[in-house]
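Notes to accompany the following structure.
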Amino acid sequence: VKHEAGQGPRAHERPWGCLERAEPARGTSDATRRARRAHRLAAWPAAELREDLRLVHLSRALEDRELALHRQGRVHFQIAGAGHEVLLVALAHSLRVGRDWFFPYYRDRALVLALGVTPYDMLLQAVGAAADPASGGRQMPCHFGDPARRIVTQSSPTGSQCLPAVGCAEAIRYAASRPHLGLDASGDEIVYVSLGEGATSQGEFWESLNTACRLHLPVLYLVADNGYAISVRAADQAPAPVFELVRGFRGLAVTRVDGHDYAACRERGALAVARVRAGEGPGLLYARVPRPYSHSASDAQATYRDPAELDAELAHDPIAVFERDLVAASILGADEPAAIAEACRRAVLKAADRALEAVQCDPATVTAHLVELPDEAELARRQAARQAARRARLASAPDRAQEAREGVPSDARTTPSSARAEPSAAEPVVLAEAIRRALVEIMEGDERVRVFGEDVADAEDRLLGHVEGKGGVFGVTKGLQRRFGSARCYNTPLAEANIVGRGIGQAIRGLRPCAEIQFFDYIWPAMQQLKSEAATIRWRSNGGFCCPLVVRAAIGGYLRGGAIWHSQCGEAIFAHVPGLLIAFPSRAADAVGLLRAAFLYDDPVLFLEHKHLYRDRAAADSYPPPEHLLAFGRGVIRRQGSDVTVVTWGATVAICLEAAVLLASEGVSVEVIDLRTIAPFDRELVAASVERTGRLLVVHEDNLTAGFGAEVAAFAASECFWSLDAPVRRLAALDVPVPYSPLLEQAVLPQRDDVVAALRELVAI
Ligand SMILES: Cc1ncc(C[n+]2csc(CCOP(=O)(O)OP(=O)(O)O)c2C)c(N)n1
Ligand SMILES: [Mg+2]
C-alpha cells in the first residue's frame, strides 16, 4: 500500500501478518528461550521424545522422497506437510486412535503417521496403486482415510470438512446417550478437525463454529497458520488473525501456540484437548508454523515470497529446533538426530521401492463404490427389520399401539384441542400428510433417524402443551418434535450448508439423518456439501465410508405467486452428480414407498417433494401398508397406450395424463410413464414402451436446456433408435426463471394444452 508522505497506513490497510511475524521476541534472548524449552522437555519419557523425532523425520523423508519421485514422473502430485510436523506429533499424544474422530487437512501427514498409518500406505496413494487403503488410487496424496482409525475420508475443498466434523460431534453426543443403538460411543470421544488459516476464510468454517459453540460440541479445531494460502498472505485473507476474529463465539476456548516449540504444543495441546474431552465445549488451537516447502509440487514459492523470510524459515525449521532442544536437554546425544533422520530416509526409500512395485489400478474398477444399492429382497428384509423394531418400540409404549395398527399418529396426549383430527388409514391422504406419516413410521422404527432443518420443529418444549406447533413451513414435520422429542426433531440455523454438512457428519458417525431444505430454490449454499462431500464419500474412500443421508426438499411451481425463488425446479443439476440418488414422486403412495426405501439405503438421497402436489387431492392415496416399498430406478406406466410414449415425473405427470385423456377422444392412444426416480432412472421401462409405440415425448417442469429430458432423449436416440418412427421431442419450461404473475408463470411452465399440441404434432409425423 502506498501512502501520502507523512501518513501512516490506516488500521485496515496494515498487513497484520507481516508486522506480527516481524515482531522481535521481547525481553528474552534466544539462548534463554532455548534453555527453557529444553528444561520443559524433561517432563516426558525420553523414549516418547525419541519416537516423536523419528515420526517428524519420517514425515519429512516421505515429502522428500515423493518430491523426487514426482520429478521422475512416478508420483503424480505432491503436497508437503513440512513445517507442520512438530506441532502435529506433539498434539497426537492427547488424541486417541480408534476412539476420537479425525477430519484432517492435507498438511497433517505427521499426525496421521502418529495415529499409526504407515509410510508404505501413504506411498501407495502417492503412486496411485490399487492397494492404496485410503482411496484405491482415486485421491491425491495426503488425502487420508482409515475407517478403523476413525480418520474420515478427506476431500479437497478447503473448509468443507468443518461442517461434517460438527455433525459427527453432534452424533457422538446422541449416540453416547443411547448405548442401545450399538454405535460404540464412549461418551468422551472428541472430533479433531484441521485446516489452514486460508481455509478459515470459508463460510463453512464460520457456520460450523456457530453450531459447535451453540451446542457446546466436543470439537477441537486446529488452525495451522503457515502464513500463506498458496501465494496469498494471511494478512490479505482477513482483517485480523483468526484467534482474534473468533472472539465473539461464546464458549469457544482459544489457545495459541508456537508450532516451533514442541513442549508448548504438547502442553497446551493437551490442555485444549482435555477441556474439549471433559465436555466443556469446543476449542480452537491456533498454531503458527512455517512453510519451508512450496505449497505443492505445482508451486514455486520463490516466485512470490520474500527471500529473507524464506531463509529465516529454513533457519528455524521446527524439526531442527526440536533436535537442538533434545540435545541441549541431554535427551539425545549430539549425533543421534542425524542418525534418526538417516534411518527414516532409508526406511522411506525401501517403502517407496515396494510401493512402486505394487499393482497399479485396474481401469475396470473405476466405477465401483459409487453407490451400493441393495437388491429388492435385501431392501424388503431391511424394511421387515425396521418394522419389527417399530412394533417392539410401540409395544413398550402401549398408548401408541392403536396408532401403529392404524398407521396414524394421534399425538393426542399433548396436542392442544385445537389441533386437527387425524384421518383413518383407509382414507386418502395428500402427499404432505403421507410424507409426514411416513416420517413418523420411519422414526418409530429407527432411532437413528433425526429430522432437522429450518422451522421443522413444533415449538419450544415448554409451549408444546399450549400451542399447535409449526412443524415446517408446509407442515410436513408437524408433531415430530412433540412425539419424538427435541433431540430427534430440531431446528437449525438458517444456513443450508450447515444443515446438509451436519447431516453428512451424523451419517458418517452411524446415524440416519434426515435434513430438510425448506425450498429447493435455497439449496445452493449446500451445493458443495451435497456434490463435493455427500456424493463422493463412498467413491473417494473406495468403499471405506458411506453417507446414508436423506435430504428432503420442497420443489416446483404451478403455485400462482411463488415467483423466482419459491417455484424453481432444477433436478437436472443434481442428476449430473455421480453418487447422488434422486426421488421425485408424483403421488402420495409413491412418496411413502420411496421414502421408506430412502432410509434403507446407505447412500445420499435427494428426496424432492413437489409443493403443488403437497395438498393436491388428485395426488392423494390411502396410506400404504408397510410392505409397500419402492426401490429406486423403477418407473411406472400411469396410463397404457400404443401410439406415443410420454415420459415425465413430478407435477407434470397429472398434466400429461389429462392431455392423454383429451387425445384419446381424438383416437390417439398415449402411454404415460412416471419415472418416480431420476437417479437412477428406469431405462428398461422407457425402452420397452418406445419399442411398442415408436414415438417419445419427454415432459418436465425444469427448464429445457440441459434438463433431465435431454438425458432421457439421448438415451432413447442411442438405445431405441430402431424402434423410433419419429424424432424424440421434449417439452419443458422456457429457459427463464419462474415469474410471479400467474399469467407469466403459465407462459413459462408447460401446460396441458402445450402437451396436447406437442403430442398432436408428434403423432402426425
Ligand atoms: C474451496 C477450495 N478453493 C480452492 C482450493 C485450492 N487450494 C488448495 S489449498 C489452497 C490454500 C489453502 O491454504 P490454507 O488453508 O492456509 O492451508 P495451507 O495450504 O497453507 O496449509 C487453495 C487455494 C481448494 N482446494 N478448495
Ligand atoms: Mg496456510
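Naming works like this for the C-alpha cells: A, B, ... for the chains as they're shown, residue 1 at the start of each chain, ligands 1 onward in shown order.
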
Q | Within 9 Å of ligand 2 (only C-alpha atoms and all ligand atoms), residues as number ranges by chain | A | A: 195-199, 223-230, 232-234, 289, 291, 295

Only C-alpha atoms, please: the residues just picked out, written as a PDB file, in the first residue's frame.
```pdb
ATOM      1  CA  LEU A 195      -7.478 -26.505   8.490  1.00  0.00           C
ATOM      2  CA  GLY A 196      -5.126 -23.767   7.380  1.00  0.00           C
ATOM      3  CA  GLU A 197      -5.500 -20.073   8.060  1.00  0.00           C
ATOM      4  CA  GLY A 198      -6.544 -19.601   4.435  1.00  0.00           C
ATOM      5  CA  ALA A 199      -9.416 -22.036   4.803  1.00  0.00           C
ATOM      6  CA  VAL A 223      -5.785 -23.917  12.626  1.00  0.00           C
ATOM      7  CA  ALA A 224      -2.221 -24.240  11.406  1.00  0.00           C
ATOM      8  CA  ASP A 225      -1.246 -20.785  10.202  1.00  0.00           C
ATOM      9  CA  ASN A 226       1.725 -21.057   7.882  1.00  0.00           C
ATOM     10  CA  GLY A 227       1.240 -17.512   6.661  1.00  0.00           C
ATOM     11  CA  TYR A 228       0.122 -18.407   3.156  1.00  0.00           C
ATOM     12  CA  ALA A 229      -2.734 -19.929   1.222  1.00  0.00           C
ATOM     13  CA  ILE A 230      -0.746 -20.925  -1.849  1.00  0.00           C
ATOM     14  CA  VAL A 232      -1.870 -15.299  -0.691  1.00  0.00           C
ATOM     15  CA  ARG A 233      -0.554 -13.891   2.555  1.00  0.00           C
ATOM     16  CA  ALA A 234      -2.580 -14.464   5.699  1.00  0.00           C
ATOM     17  CA  VAL A 289       4.033 -22.782  11.681  1.00  0.00           C
ATOM     18  CA  ARG A 291       6.072 -23.418   5.261  1.00  0.00           C
ATOM     19  CA  HIS A 295       2.557 -25.102  -1.385  1.00  0.00           C
TER      20      HIS A 295
END
```

Mind listing the alpha helix (DSSP H) residues of stretch 18-247 of chain A, per DSSP on the backbone, as a JSON list (two decimals) with N, CA and C atoms, in the first residue's frame?
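After the write, selection_23.json holds the following:
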```json
[["chain", "number", "residue", "atom", "x", "y", "z"],
["A", 18, "CYS", "N", 2.43, -9.57, 8.44],
["A", 18, "CYS", "CA", 3.85, -9.24, 8.31],
["A", 18, "CYS", "C", 4.37, -8.57, 9.57],
["A", 19, "LEU", "N", 3.57, -7.62, 10.10],
["A", 19, "LEU", "CA", 4.02, -6.91, 11.29],
["A", 19, "LEU", "C", 4.22, -7.88, 12.44],
["A", 20, "GLU", "N", 3.23, -8.73, 12.61],
["A", 20, "GLU", "CA", 3.30, -9.63, 13.75],
["A", 20, "GLU", "C", 4.45, -10.62, 13.61],
["A", 21, "ARG", "N", 4.59, -11.08, 12.36],
["A", 21, "ARG", "CA", 5.65, -12.05, 12.13],
["A", 21, "ARG", "C", 7.03, -11.44, 12.37],
["A", 22, "ALA", "N", 7.16, -10.13, 12.02],
["A", 22, "ALA", "CA", 8.47, -9.50, 12.14],
["A", 22, "ALA", "C", 8.78, -9.09, 13.59],
["A", 30, "ASP", "N", 17.39, -15.54, 22.72],
["A", 30, "ASP", "CA", 17.21, -16.86, 22.10],
["A", 30, "ASP", "C", 17.72, -17.96, 23.02],
["A", 31, "ALA", "N", 18.89, -17.70, 23.61],
["A", 31, "ALA", "CA", 19.52, -18.74, 24.44],
["A", 31, "ALA", "C", 18.64, -19.06, 25.65],
["A", 32, "THR", "N", 18.06, -18.02, 26.26],
["A", 32, "THR", "CA", 17.21, -18.26, 27.43],
["A", 32, "THR", "C", 15.98, -19.07, 27.04],
["A", 33, "ARG", "N", 15.39, -18.65, 25.91],
["A", 33, "ARG", "CA", 14.18, -19.38, 25.49],
["A", 33, "ARG", "C", 14.50, -20.85, 25.19],
["A", 34, "ARG", "N", 15.66, -21.05, 24.56],
["A", 34, "ARG", "CA", 16.04, -22.43, 24.24],
["A", 34, "ARG", "C", 16.25, -23.24, 25.53],
["A", 35, "ALA", "N", 16.89, -22.62, 26.48],
["A", 35, "ALA", "CA", 17.14, -23.32, 27.75],
["A", 35, "ALA", "C", 15.82, -23.69, 28.43],
["A", 36, "ARG", "N", 14.85, -22.77, 28.35],
["A", 36, "ARG", "CA", 13.55, -23.05, 28.98],
["A", 36, "ARG", "C", 12.85, -24.21, 28.28],
["A", 37, "ARG", "N", 12.89, -24.18, 26.95],
["A", 37, "ARG", "CA", 12.23, -25.25, 26.19],
["A", 37, "ARG", "C", 12.86, -26.60, 26.53],
["A", 38, "ALA", "N", 14.19, -26.62, 26.56],
["A", 38, "ALA", "CA", 14.90, -27.86, 26.83],
["A", 38, "ALA", "C", 14.52, -28.38, 28.22],
["A", 39, "HIS", "N", 14.43, -27.48, 29.16],
["A", 39, "HIS", "CA", 14.07, -27.89, 30.51],
["A", 39, "HIS", "C", 12.70, -28.54, 30.54],
["A", 40, "ARG", "N", 11.75, -27.96, 29.78],
["A", 40, "ARG", "CA", 10.38, -28.49, 29.80],
["A", 40, "ARG", "C", 10.29, -29.87, 29.16],
["A", 41, "LEU", "N", 11.22, -30.18, 28.26],
["A", 41, "LEU", "CA", 11.17, -31.49, 27.60],
["A", 41, "LEU", "C", 11.38, -32.63, 28.59],
["A", 46, "ALA", "N", 11.94, -40.12, 27.71],
["A", 46, "ALA", "CA", 12.88, -39.94, 26.59],
["A", 46, "ALA", "C", 12.45, -40.77, 25.39],
["A", 47, "ALA", "N", 11.92, -41.97, 25.66],
["A", 47, "ALA", "CA", 11.54, -42.85, 24.54],
["A", 47, "ALA", "C", 10.44, -42.20, 23.69],
["A", 48, "GLU", "N", 9.53, -41.52, 24.36],
["A", 48, "GLU", "CA", 8.44, -40.85, 23.62],
["A", 48, "GLU", "C", 8.99, -39.73, 22.76],
["A", 49, "LEU", "N", 9.93, -38.99, 23.33],
["A", 49, "LEU", "CA", 10.50, -37.86, 22.58],
["A", 49, "LEU", "C", 11.29, -38.36, 21.38],
["A", 50, "ARG", "N", 12.03, -39.43, 21.62],
["A", 50, "ARG", "CA", 12.82, -40.03, 20.54],
["A", 50, "ARG", "C", 11.87, -40.50, 19.42],
["A", 51, "GLU", "N", 10.76, -41.12, 19.83],
["A", 51, "GLU", "CA", 9.79, -41.62, 18.85],
["A", 51, "GLU", "C", 9.19, -40.44, 18.06],
["A", 52, "ASP", "N", 8.93, -39.35, 18.77],
["A", 52, "ASP", "CA", 8.37, -38.19, 18.07],
["A", 52, "ASP", "C", 9.37, -37.61, 17.07],
["A", 53, "LEU", "N", 10.63, -37.61, 17.45],
["A", 53, "LEU", "CA", 11.63, -37.12, 16.50],
["A", 53, "LEU", "C", 11.68, -38.05, 15.28],
["A", 54, "ARG", "N", 11.54, -39.35, 15.55],
["A", 54, "ARG", "CA", 11.51, -40.30, 14.43],
["A", 54, "ARG", "C", 10.32, -40.00, 13.52],
["A", 55, "LEU", "N", 9.17, -39.75, 14.12],
["A", 55, "LEU", "CA", 7.97, -39.50, 13.31],
["A", 55, "LEU", "C", 8.10, -38.25, 12.44],
["A", 56, "VAL", "N", 8.67, -37.20, 13.02],
["A", 56, "VAL", "CA", 8.78, -35.98, 12.21],
["A", 56, "VAL", "C", 9.77, -36.18, 11.07],
["A", 57, "HIS", "N", 10.81, -36.95, 11.34],
["A", 57, "HIS", "CA", 11.76, -37.22, 10.26],
["A", 57, "HIS", "C", 11.15, -38.15, 9.21],
["A", 58, "LEU", "N", 10.36, -39.08, 9.68],
["A", 58, "LEU", "CA", 9.68, -39.99, 8.74],
["A", 58, "LEU", "C", 8.79, -39.17, 7.80],
["A", 59, "SER", "N", 8.06, -38.25, 8.40],
["A", 59, "SER", "CA", 7.16, -37.41, 7.63],
["A", 59, "SER", "C", 7.96, -36.59, 6.59],
["A", 60, "ARG", "N", 9.04, -35.99, 7.04],
["A", 60, "ARG", "CA", 9.84, -35.15, 6.15],
["A", 60, "ARG", "C", 10.50, -36.01, 5.05],
["A", 61, "ALA", "N", 10.94, -37.19, 5.45],
["A", 61, "ALA", "CA", 11.58, -38.08, 4.46],
["A", 61, "ALA", "C", 10.57, -38.49, 3.39],
["A", 62, "LEU", "N", 9.32, -38.68, 3.82],
["A", 62, "LEU", "CA", 8.27, -39.01, 2.84],
["A", 62, "LEU", "C", 8.07, -37.87, 1.85],
["A", 63, "GLU", "N", 8.06, -36.65, 2.37],
["A", 63, "GLU", "CA", 7.90, -35.50, 1.47],
["A", 63, "GLU", "C", 9.04, -35.50, 0.44],
["A", 64, "ASP", "N", 10.26, -35.67, 0.95],
["A", 64, "ASP", "CA", 11.42, -35.56, 0.06],
["A", 64, "ASP", "C", 11.41, -36.68, -0.99],
["A", 65, "ARG", "N", 11.05, -37.88, -0.55],
["A", 65, "ARG", "CA", 11.04, -38.99, -1.50],
["A", 65, "ARG", "C", 9.94, -38.78, -2.54],
["A", 66, "GLU", "N", 8.76, -38.37, -2.08],
["A", 66, "GLU", "CA", 7.66, -38.14, -3.03],
["A", 66, "GLU", "C", 8.01, -37.04, -4.03],
["A", 67, "LEU", "N", 8.67, -35.99, -3.53],
["A", 67, "LEU", "CA", 9.06, -34.91, -4.44],
["A", 67, "LEU", "C", 10.03, -35.41, -5.50],
["A", 68, "ALA", "N", 10.98, -36.25, -5.06],
["A", 68, "ALA", "CA", 11.94, -36.81, -6.02],
["A", 68, "ALA", "C", 11.21, -37.67, -7.04],
["A", 69, "LEU", "N", 10.30, -38.49, -6.55],
["A", 69, "LEU", "CA", 9.55, -39.37, -7.47],
["A", 69, "LEU", "C", 8.65, -38.54, -8.39],
["A", 70, "HIS", "N", 8.19, -37.42, -7.88],
["A", 70, "HIS", "CA", 7.36, -36.55, -8.71],
["A", 70, "HIS", "C", 8.19, -36.01, -9.87],
["A", 71, "ARG", "N", 9.41, -35.62, -9.55],
["A", 71, "ARG", "CA", 10.29, -35.10, -10.62],
["A", 71, "ARG", "C", 10.56, -36.18, -11.67],
["A", 85, "GLU", "N", 5.16, -30.51, 11.20],
["A", 85, "GLU", "CA", 5.29, -31.84, 11.82],
["A", 85, "GLU", "C", 5.37, -31.83, 13.34],
["A", 86, "VAL", "N", 6.16, -30.92, 13.87],
["A", 86, "VAL", "CA", 6.40, -30.95, 15.32],
["A", 86, "VAL", "C", 5.11, -30.68, 16.08],
["A", 87, "LEU", "N", 4.39, -29.68, 15.63],
["A", 87, "LEU", "CA", 3.08, -29.37, 16.21],
["A", 87, "LEU", "C", 2.20, -30.64, 16.24],
["A", 88, "LEU", "N", 2.17, -31.34, 15.13],
["A", 88, "LEU", "CA", 1.21, -32.44, 14.98],
["A", 88, "LEU", "C", 1.59, -33.65, 15.83],
["A", 89, "VAL", "N", 2.86, -34.00, 15.87],
["A", 89, "VAL", "CA", 3.21, -35.18, 16.68],
["A", 89, "VAL", "C", 3.04, -34.86, 18.17],
["A", 90, "ALA", "N", 3.28, -33.61, 18.54],
["A", 90, "ALA", "CA", 3.09, -33.24, 19.95],
["A", 90, "ALA", "C", 1.62, -33.33, 20.32],
["A", 91, "LEU", "N", 0.76, -32.86, 19.44],
["A", 91, "LEU", "CA", -0.67, -32.87, 19.72],
["A", 91, "LEU", "C", -1.23, -34.29, 19.73],
["A", 92, "ALA", "N", -0.65, -35.15, 18.90],
["A", 92, "ALA", "CA", -1.17, -36.51, 18.77],
["A", 92, "ALA", "C", -1.21, -37.24, 20.11],
["A", 109, "ARG", "N", 0.15, -34.97, 7.59],
["A", 109, "ARG", "CA", 0.83, -36.25, 7.43],
["A", 109, "ARG", "C", 1.44, -36.75, 8.75],
["A", 110, "ALA", "N", 2.12, -35.85, 9.47],
["A", 110, "ALA", "CA", 2.82, -36.30, 10.69],
["A", 110, "ALA", "C", 1.81, -36.79, 11.73],
["A", 111, "LEU", "N", 0.66, -36.14, 11.79],
["A", 111, "LEU", "CA", -0.37, -36.60, 12.74],
["A", 111, "LEU", "C", -0.85, -38.00, 12.33],
["A", 112, "VAL", "N", -1.10, -38.16, 11.05],
["A", 112, "VAL", "CA", -1.64, -39.44, 10.58],
["A", 112, "VAL", "C", -0.61, -40.55, 10.77],
["A", 113, "LEU", "N", 0.67, -40.22, 10.61],
["A", 113, "LEU", "CA", 1.71, -41.21, 10.93],
["A", 113, "LEU", "C", 1.66, -41.55, 12.42],
["A", 114, "ALA", "N", 1.50, -40.53, 13.24],
["A", 114, "ALA", "CA", 1.43, -40.77, 14.69],
["A", 114, "ALA", "C", 0.22, -41.62, 15.05],
["A", 119, "PRO", "N", 4.13, -45.38, 6.38],
["A", 119, "PRO", "CA", 4.68, -44.70, 5.20],
["A", 119, "PRO", "C", 4.33, -45.48, 3.93],
["A", 120, "TYR", "N", 4.37, -46.79, 3.99],
["A", 120, "TYR", "CA", 4.05, -47.60, 2.81],
["A", 120, "TYR", "C", 2.63, -47.31, 2.33],
["A", 121, "ASP", "N", 1.68, -47.27, 3.28],
["A", 121, "ASP", "CA", 0.29, -46.96, 2.91],
["A", 121, "ASP", "C", 0.21, -45.59, 2.22],
["A", 122, "MET", "N", 0.94, -44.63, 2.76],
["A", 122, "MET", "CA", 0.90, -43.29, 2.16],
["A", 122, "MET", "C", 1.52, -43.30, 0.76],
["A", 123, "LEU", "N", 2.59, -44.05, 0.62],
["A", 123, "LEU", "CA", 3.25, -44.11, -0.69],
["A", 123, "LEU", "C", 2.40, -44.84, -1.72],
["A", 124, "LEU", "N", 1.62, -45.81, -1.27],
["A", 124, "LEU", "CA", 0.71, -46.49, -2.20],
["A", 124, "LEU", "C", -0.24, -45.46, -2.81],
["A", 125, "GLN", "N", -0.68, -44.52, -1.99],
["A", 125, "GLN", "CA", -1.57, -43.48, -2.52],
["A", 125, "GLN", "C", -0.79, -42.57, -3.49],
["A", 126, "ALA", "N", 0.43, -42.22, -3.10],
["A", 126, "ALA", "CA", 1.21, -41.30, -3.94],
["A", 126, "ALA", "C", 1.47, -41.88, -5.33],
["A", 162, "CYS", "N", -15.32, -28.89, 7.88],
["A", 162, "CYS", "CA", -15.71, -28.38, 9.21],
["A", 162, "CYS", "C", -17.14, -28.74, 9.56],
["A", 163, "LEU", "N", -18.05, -28.63, 8.61],
["A", 163, "LEU", "CA", -19.46, -28.92, 8.94],
["A", 163, "LEU", "C", -19.69, -30.41, 9.20],
["A", 164, "PRO", "N", -19.20, -31.32, 8.37],
["A", 164, "PRO", "CA", -19.32, -32.73, 8.73],
["A", 164, "PRO", "C", -18.67, -33.05, 10.08],
["A", 165, "ALA", "N", -17.58, -32.38, 10.40],
["A", 165, "ALA", "CA", -16.93, -32.62, 11.69],
["A", 165, "ALA", "C", -17.88, -32.28, 12.84],
["A", 166, "VAL", "N", -18.56, -31.16, 12.70],
["A", 166, "VAL", "CA", -19.51, -30.74, 13.74],
["A", 166, "VAL", "C", -20.70, -31.70, 13.80],
["A", 167, "GLY", "N", -21.16, -32.15, 12.64],
["A", 167, "GLY", "CA", -22.25, -33.13, 12.62],
["A", 167, "GLY", "C", -21.84, -34.42, 13.31],
["A", 168, "CYS", "N", -20.60, -34.80, 13.10],
["A", 168, "CYS", "CA", -20.08, -36.01, 13.73],
["A", 168, "CYS", "C", -20.10, -35.84, 15.26],
["A", 169, "ALA", "N", -19.71, -34.65, 15.71],
["A", 169, "ALA", "CA", -19.71, -34.40, 17.16],
["A", 169, "ALA", "C", -21.12, -34.44, 17.74],
["A", 170, "GLU", "N", -22.06, -33.90, 16.96],
["A", 170, "GLU", "CA", -23.47, -33.98, 17.39],
["A", 170, "GLU", "C", -23.90, -35.43, 17.56],
["A", 171, "ALA", "N", -23.52, -36.23, 16.59],
["A", 171, "ALA", "CA", -23.92, -37.64, 16.61],
["A", 171, "ALA", "C", -23.25, -38.38, 17.76],
["A", 172, "ILE", "N", -22.04, -37.99, 18.08],
["A", 172, "ILE", "CA", -21.33, -38.61, 19.21],
["A", 172, "ILE", "C", -22.16, -38.43, 20.48],
["A", 173, "ARG", "N", -22.62, -37.22, 20.66],
["A", 173, "ARG", "CA", -23.41, -36.95, 21.87],
["A", 173, "ARG", "C", -24.71, -37.75, 21.87],
["A", 174, "TYR", "N", -25.37, -37.78, 20.72],
["A", 174, "TYR", "CA", -26.64, -38.50, 20.60],
["A", 174, "TYR", "C", -26.41, -40.00, 20.86],
["A", 175, "ALA", "N", -25.37, -40.54, 20.23],
["A", 175, "ALA", "CA", -25.10, -41.98, 20.35],
["A", 175, "ALA", "C", -24.70, -42.34, 21.77],
["A", 176, "ALA", "N", -23.95, -41.45, 22.41],
["A", 176, "ALA", "CA", -23.48, -41.76, 23.76],
["A", 176, "ALA", "C", -24.64, -41.84, 24.74],
["A", 203, "GLY", "N", -16.93, -19.67, 4.42],
["A", 203, "GLY", "CA", -18.15, -19.56, 5.22],
["A", 203, "GLY", "C", -18.46, -20.83, 6.00],
["A", 204, "GLU", "N", -18.11, -21.97, 5.44],
["A", 204, "GLU", "CA", -18.44, -23.23, 6.11],
["A", 204, "GLU", "C", -17.73, -23.35, 7.46],
["A", 205, "PHE", "N", -16.52, -22.78, 7.54],
["A", 205, "PHE", "CA", -15.81, -22.76, 8.82],
["A", 205, "PHE", "C", -16.63, -22.00, 9.85],
["A", 206, "TRP", "N", -17.12, -20.83, 9.45],
["A", 206, "TRP", "CA", -17.87, -19.99, 10.39],
["A", 206, "TRP", "C", -19.22, -20.63, 10.74],
["A", 207, "GLU", "N", -19.86, -21.22, 9.74],
["A", 207, "GLU", "CA", -21.13, -21.91, 10.02],
["A", 207, "GLU", "C", -20.90, -23.05, 11.01],
["A", 208, "SER", "N", -19.76, -23.69, 10.90],
["A", 208, "SER", "CA", -19.51, -24.81, 11.80],
["A", 208, "SER", "C", -19.23, -24.31, 13.22],
["A", 209, "LEU", "N", -18.50, -23.19, 13.33],
["A", 209, "LEU", "CA", -18.24, -22.63, 14.66],
["A", 209, "LEU", "C", -19.54, -22.25, 15.35],
["A", 210, "ASN", "N", -20.44, -21.71, 14.55],
["A", 210, "ASN", "CA", -21.75, -21.33, 15.08],
["A", 210, "ASN", "C", -22.37, -22.50, 15.84],
["A", 211, "THR", "N", -22.45, -23.64, 15.17],
["A", 211, "THR", "CA", -23.12, -24.79, 15.79],
["A", 211, "THR", "C", -22.26, -25.43, 16.88],
["A", 212, "ALA", "N", -20.97, -25.50, 16.65],
["A", 212, "ALA", "CA", -20.10, -26.10, 17.67],
["A", 212, "ALA", "C", -20.27, -25.35, 19.00],
["A", 213, "CYS", "N", -20.35, -24.03, 18.90],
["A", 213, "CYS", "CA", -20.47, -23.22, 20.12],
["A", 213, "CYS", "C", -21.89, -23.27, 20.67],
["A", 214, "ARG", "N", -22.87, -23.17, 19.80],
["A", 214, "ARG", "CA", -24.24, -23.15, 20.32],
["A", 214, "ARG", "C", -24.59, -24.45, 21.03],
["A", 242, "VAL", "N", -7.15, -15.26, 12.91],
["A", 242, "VAL", "CA", -8.42, -15.90, 13.25],
["A", 242, "VAL", "C", -8.65, -15.99, 14.77],
["A", 243, "PHE", "N", -7.58, -16.09, 15.54],
["A", 243, "PHE", "CA", -7.80, -16.18, 17.00],
["A", 243, "PHE", "C", -8.42, -14.90, 17.54],
["A", 244, "GLU", "N", -8.22, -13.81, 16.80],
["A", 244, "GLU", "CA", -8.90, -12.57, 17.18],
["A", 244, "GLU", "C", -10.32, -12.54, 16.66],
["A", 245, "LEU", "N", -10.47, -12.98, 15.44],
["A", 245, "LEU", "CA", -11.79, -12.89, 14.80],
["A", 245, "LEU", "C", -12.84, -13.72, 15.54]]
```

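Distances from A:Val646, A:Tyr304, A:Leu181, A:Ala253 to A:Asp446 were compared using only C-alpha atoms, and the smallest one belongs to A:Leu181.
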
Q) Which distance in Å separates atom CA of A:Ala380 and atom CA of A:Arg540, to one decimal? A)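 The value is 28.6 Å.
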
**Q.** Exercise: A:Gln529 partners within 12 Å, only C-alpha atoms, chain neighbours under 2 positions left out, as a PyMOL selection string
**A.** chain A and resi 155-164+204+495-505+523-527+531-537+547+549+551+577+580+604

Q. Looking at only C-alpha atoms, which of A:Ala287, A:Ala315, A:Ala240, A:Ala235 is the one that sits closest to A:Tyr262?
A.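 Distance minimum relative to A:Tyr262 lands on A:Ala287.
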
Q) Which one is closest to ligand 1: A:Ala238, A:Val152, A:Val755, A:Leu215? Count only C-alpha atoms and all ligand atoms. A)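 Checking each of A:Ala238, A:Val152, A:Val755, A:Leu215 against ligand 1, counting only C-alpha atoms and all ligand atoms, the winner is A:Ala238.
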
Q) Restricting the calculation to only C-alpha atoms, which member of A:Arg729, A:Arg437, A:Arg509, A:Arg107 is positioned closest to A:Pro625? A) A:Arg437

Q: Return the single residue from A:Ala507, A:Ala459, A:Leu220, A:Leu332 that is closest to A:Leu271, with distances computed using only C-alpha atoms.
A: A:Leu220

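Between atom CA of A:Leu285 and atom CA of A:Val257 lies a distance of 7.4 Å.
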
Q) If you run DSSP on this backbone, which residues of stretch 95-307 of chain A come out as strand (DSSP E), and could you give them as a PyMOL selection string? A) chain A and resi 101-103+191-196+219-225+228-229+232-233+253-258+283-288

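Minimum distance to A:Ala274 across A:His316, A:Arg436, A:Ala339, A:Leu95 (counting only C-alpha atoms) occurs at A:Leu95.
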
Q: With a distance cut-off of 10 Å and only C-alpha atoms, select the neighbouring residues of stretch 700-712 of chain A, excluding the residue or stretch itself and same-chain residues fewer than 2 positions from it, and output the selection as a PyMOL selection string.
A: chain A and resi 556-558+568-576+647-653+656+678+681-683+686+696-698+714-718+728-738+748-751

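Here atom CA of A:Phe545 is placed at a distance of 27.1 Å from atom CA of A:Arg390.
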
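The environment of A:Ala270 within 8 Å, counting only C-alpha atoms and disregarding residues fewer than 3 places along the same chain, consists of Leu91, His93, Ser94, Arg266, Glu267, Val273 and Ala274 of chain A.
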